[in-house]
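Everything below belongs to structure_16.cif, which stores mmCIF, C-alpha atoms.
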data_target
#
loop_
_atom_site.label_atom_id
_atom_site.label_comp_id
_atom_site.auth_asym_id
_atom_site.auth_seq_id
_atom_site.Cartn_x
_atom_site.Cartn_y
_atom_site.Cartn_z
CA MET A 30 19.66 -4.75 -32.01
CA LEU A 31 20.14 -4.57 -28.28
CA SER A 32 20.13 -0.76 -28.36
CA ASN A 33 16.30 -0.73 -28.25
CA THR A 34 16.14 -3.04 -25.25
CA PRO A 35 15.46 -1.07 -22.06
CA PRO A 36 17.59 -1.49 -18.93
CA ASN A 37 16.97 -4.91 -17.44
CA ILE A 38 17.79 -7.33 -14.65
CA ILE A 39 18.04 -11.04 -15.43
CA LEU A 40 17.10 -13.47 -12.65
CA HIS A 41 18.37 -16.84 -13.82
CA LYS A 42 17.15 -18.84 -10.80
CA SER A 43 13.50 -17.85 -11.26
CA LYS A 44 13.81 -17.46 -15.06
CA GLU A 45 12.59 -13.86 -15.04
CA VAL A 46 13.78 -10.69 -16.71
CA ILE A 47 12.73 -7.33 -15.28
CA PHE A 48 12.68 -4.30 -17.58
CA TYR A 49 12.71 -0.68 -16.41
CA ILE A 50 10.32 1.53 -18.36
CA SER A 51 9.81 5.14 -17.26
CA ASN A 52 6.27 6.48 -17.13
CA ASN A 53 6.96 8.76 -20.10
CA TYR A 54 8.35 5.97 -22.33
CA ALA A 55 7.07 6.86 -25.81
CA SER A 56 7.77 3.65 -27.74
CA PRO A 57 5.47 0.62 -27.71
CA ILE A 58 6.21 -1.92 -24.99
CA ASP A 59 7.12 -5.26 -26.60
CA ILE A 60 8.40 -7.59 -23.90
CA ASP A 61 8.51 -10.59 -26.24
CA LEU A 62 10.78 -8.72 -28.68
CA TRP A 63 13.12 -7.67 -25.87
CA LYS A 64 13.29 -11.22 -24.52
CA LYS A 65 14.08 -12.42 -28.05
CA GLU A 66 16.87 -9.83 -28.39
CA LEU A 67 18.32 -11.06 -25.08
CA ASN A 68 17.85 -14.71 -26.11
CA LEU A 69 15.64 -15.34 -23.06
CA LEU A 70 12.49 -16.65 -24.73
CA ASP A 71 11.71 -19.14 -21.95
CA TYR A 72 11.90 -16.42 -19.27
CA LYS A 73 8.97 -14.48 -17.82
CA GLY A 74 9.09 -10.76 -18.62
CA LEU A 75 8.14 -8.11 -16.06
CA VAL A 76 8.05 -4.31 -16.26
CA ILE A 77 8.90 -1.88 -13.46
CA HIS A 78 8.06 1.82 -13.74
CA SER A 79 9.86 2.95 -10.58
CA LYS A 80 13.49 3.89 -11.11
CA CYS A 81 14.15 3.68 -7.37
CA VAL A 82 12.83 0.12 -7.07
CA PHE A 83 14.72 -0.92 -10.21
CA LYS A 84 18.00 0.43 -8.81
CA ARG A 85 17.42 -1.38 -5.52
CA LEU A 86 16.82 -4.65 -7.32
CA LYS A 87 19.86 -4.13 -9.55
CA ASN A 88 22.08 -3.54 -6.51
CA ASP A 89 20.65 -6.47 -4.51
CA ASN A 90 23.43 -9.04 -4.41
CA SER A 91 21.08 -11.78 -3.20
CA LEU A 92 19.38 -11.88 -6.60
#
What is this structure when it is put down as structure tokens?
Amino acid sequence: MLSNTPPNIILHKSKEVIFYISNNYASPIDIDLWKKELNLLDYKGLVIHSKCVFKRLKNDNSL
């Protein structure tokens, strides 16, 4: 179920996936489950808590 996966940015060149989690996120953080749902098991998972930084990264065309 991809509906439980938080907003994310996939960086294929560096094999990383960045998830946005707000500071008041109530559910447990399970990066491995989210990577599995996205079929990105060999990628490194990172979490960002800043919505502003996440939006900047998402809109950065160089990534």
Subject >> Result set of the PyMOL selection byres ((chain A and resi 38-42) around 10) on the coordinates above, as number ranges by chain >> reply: A: 35-37, 43-49, 67, 69, 72-75, 83-84, 86-88, 92
Original post:
Any idea what's packed within 12 Å of Asn33 (chain A), counting all atoms listed in the file, ignoring anything in its chain fewer than 3 positions away? Could you give it as a ChimeraX atom specification?
Top reply: /A:30,36-37,48,50,54,56-60,62-67
**OP:** Rounded to one decimal place, report the CA of Ile77 (chain A)-CA of Ser51 (chain A) distance in Å.
**Re:**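 One can read the CA of Ile77 (chain A) to CA of Ser51 (chain A) distance as 8.0 Å.
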Complete the atom set of region 63-90 of chain A to N, CA and C atoms and return it as an mmCIF file, keeping the file's coordinate frame.
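File out_29.cif, as written:
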data_model
loop_
_atom_site.group_PDB
_atom_site.id
_atom_site.type_symbol
_atom_site.label_atom_id
_atom_site.label_comp_id
_atom_site.auth_asym_id
_atom_site.auth_seq_id
_atom_site.Cartn_x
_atom_site.Cartn_y
_atom_site.Cartn_z
ATOM 1 N N TRP A 63 11.939 -7.885 -26.715
ATOM 2 C CA TRP A 63 13.120 -7.670 -25.870
ATOM 3 C C TRP A 63 13.686 -8.977 -25.367
ATOM 4 N N LYS A 64 12.811 -9.906 -24.967
ATOM 5 C CA LYS A 64 13.290 -11.220 -24.520
ATOM 6 C C LYS A 64 13.973 -11.949 -25.677
ATOM 7 N N LYS A 65 13.465 -11.796 -26.874
ATOM 8 C CA LYS A 65 14.080 -12.420 -28.050
ATOM 9 C C LYS A 65 15.466 -11.827 -28.301
ATOM 10 N N GLU A 66 15.575 -10.498 -28.191
ATOM 11 C CA GLU A 66 16.870 -9.830 -28.390
ATOM 12 C C GLU A 66 17.896 -10.283 -27.351
ATOM 13 N N LEU A 67 17.433 -10.597 -26.151
ATOM 14 C CA LEU A 67 18.320 -11.060 -25.080
ATOM 15 C C LEU A 67 18.505 -12.574 -25.089
ATOM 16 N N ASN A 68 17.822 -13.255 -25.997
ATOM 17 C CA ASN A 68 17.850 -14.710 -26.110
ATOM 18 C C ASN A 68 17.359 -15.368 -24.807
ATOM 19 N N LEU A 69 16.235 -14.845 -24.307
ATOM 20 C CA LEU A 69 15.640 -15.340 -23.060
ATOM 21 C C LEU A 69 14.170 -15.670 -23.295
ATOM 22 N N LEU A 70 13.875 -16.386 -24.348
ATOM 23 C CA LEU A 70 12.490 -16.650 -24.730
ATOM 24 C C LEU A 70 11.722 -17.468 -23.697
ATOM 25 N N ASP A 71 12.401 -18.317 -22.938
ATOM 26 C CA ASP A 71 11.710 -19.140 -21.950
ATOM 27 C C ASP A 71 11.607 -18.451 -20.582
ATOM 28 N N TYR A 72 11.974 -17.183 -20.507
ATOM 29 C CA TYR A 72 11.900 -16.420 -19.270
ATOM 30 C C TYR A 72 10.598 -15.619 -19.224
ATOM 31 N N LYS A 73 10.140 -15.325 -18.014
ATOM 32 C CA LYS A 73 8.970 -14.480 -17.820
ATOM 33 C C LYS A 73 9.436 -13.031 -17.837
ATOM 34 N N GLY A 74 8.733 -12.170 -18.550
ATOM 35 C CA GLY A 74 9.090 -10.760 -18.620
ATOM 36 C C GLY A 74 8.213 -9.915 -17.719
ATOM 37 N N LEU A 75 8.841 -9.015 -16.972
ATOM 38 C CA LEU A 75 8.140 -8.110 -16.060
ATOM 39 C C LEU A 75 8.594 -6.688 -16.335
ATOM 40 N N VAL A 76 7.717 -5.720 -16.064
ATOM 41 C CA VAL A 76 8.050 -4.310 -16.260
ATOM 42 C C VAL A 76 7.921 -3.583 -14.933
ATOM 43 N N ILE A 77 8.911 -2.742 -14.642
ATOM 44 C CA ILE A 77 8.900 -1.880 -13.460
ATOM 45 C C ILE A 77 8.942 -0.446 -13.955
ATOM 46 N N HIS A 78 8.102 0.412 -13.360
ATOM 47 C CA HIS A 78 8.060 1.820 -13.740
ATOM 48 C C HIS A 78 8.794 2.716 -12.735
ATOM 49 N N SER A 79 9.192 2.170 -11.611
ATOM 50 C CA SER A 79 9.860 2.950 -10.580
ATOM 51 C C SER A 79 11.375 2.802 -10.705
ATOM 52 N N LYS A 80 12.032 3.915 -10.973
ATOM 53 C CA LYS A 80 13.490 3.890 -11.110
ATOM 54 C C LYS A 80 14.162 3.516 -9.788
ATOM 55 N N CYS A 81 13.596 3.980 -8.690
ATOM 56 C CA CYS A 81 14.150 3.680 -7.370
ATOM 57 C C CYS A 81 14.107 2.181 -7.075
ATOM 58 N N VAL A 82 12.974 1.560 -7.316
ATOM 59 C CA VAL A 82 12.830 0.120 -7.070
ATOM 60 C C VAL A 82 13.756 -0.658 -8.000
ATOM 61 N N PHE A 83 13.850 -0.237 -9.259
ATOM 62 C CA PHE A 83 14.720 -0.920 -10.210
ATOM 63 C C PHE A 83 16.174 -0.866 -9.752
ATOM 64 N N LYS A 84 16.625 0.298 -9.300
ATOM 65 C CA LYS A 84 18.000 0.430 -8.810
ATOM 66 C C LYS A 84 18.251 -0.447 -7.594
ATOM 67 N N ARG A 85 17.270 -0.516 -6.706
ATOM 68 C CA ARG A 85 17.420 -1.380 -5.520
ATOM 69 C C ARG A 85 17.555 -2.837 -5.920
ATOM 70 N N LEU A 86 16.732 -3.267 -6.854
ATOM 71 C CA LEU A 86 16.820 -4.650 -7.320
ATOM 72 C C LEU A 86 18.155 -4.916 -8.009
ATOM 73 N N LYS A 87 18.598 -3.968 -8.813
ATOM 74 C CA LYS A 87 19.860 -4.130 -9.550
ATOM 75 C C LYS A 87 21.044 -4.241 -8.596
ATOM 76 N N ASN A 88 20.969 -3.540 -7.479
ATOM 77 C CA ASN A 88 22.080 -3.540 -6.510
ATOM 78 C C ASN A 88 21.941 -4.617 -5.446
ATOM 79 N N ASP A 89 20.872 -5.404 -5.492
ATOM 80 C CA ASP A 89 20.650 -6.470 -4.510
ATOM 81 C C ASP A 89 21.489 -7.688 -4.881
ATOM 82 N N ASN A 90 22.518 -7.945 -4.115
ATOM 83 C CA ASN A 90 23.430 -9.040 -4.410
ATOM 84 C C ASN A 90 22.801 -10.422 -4.197
#
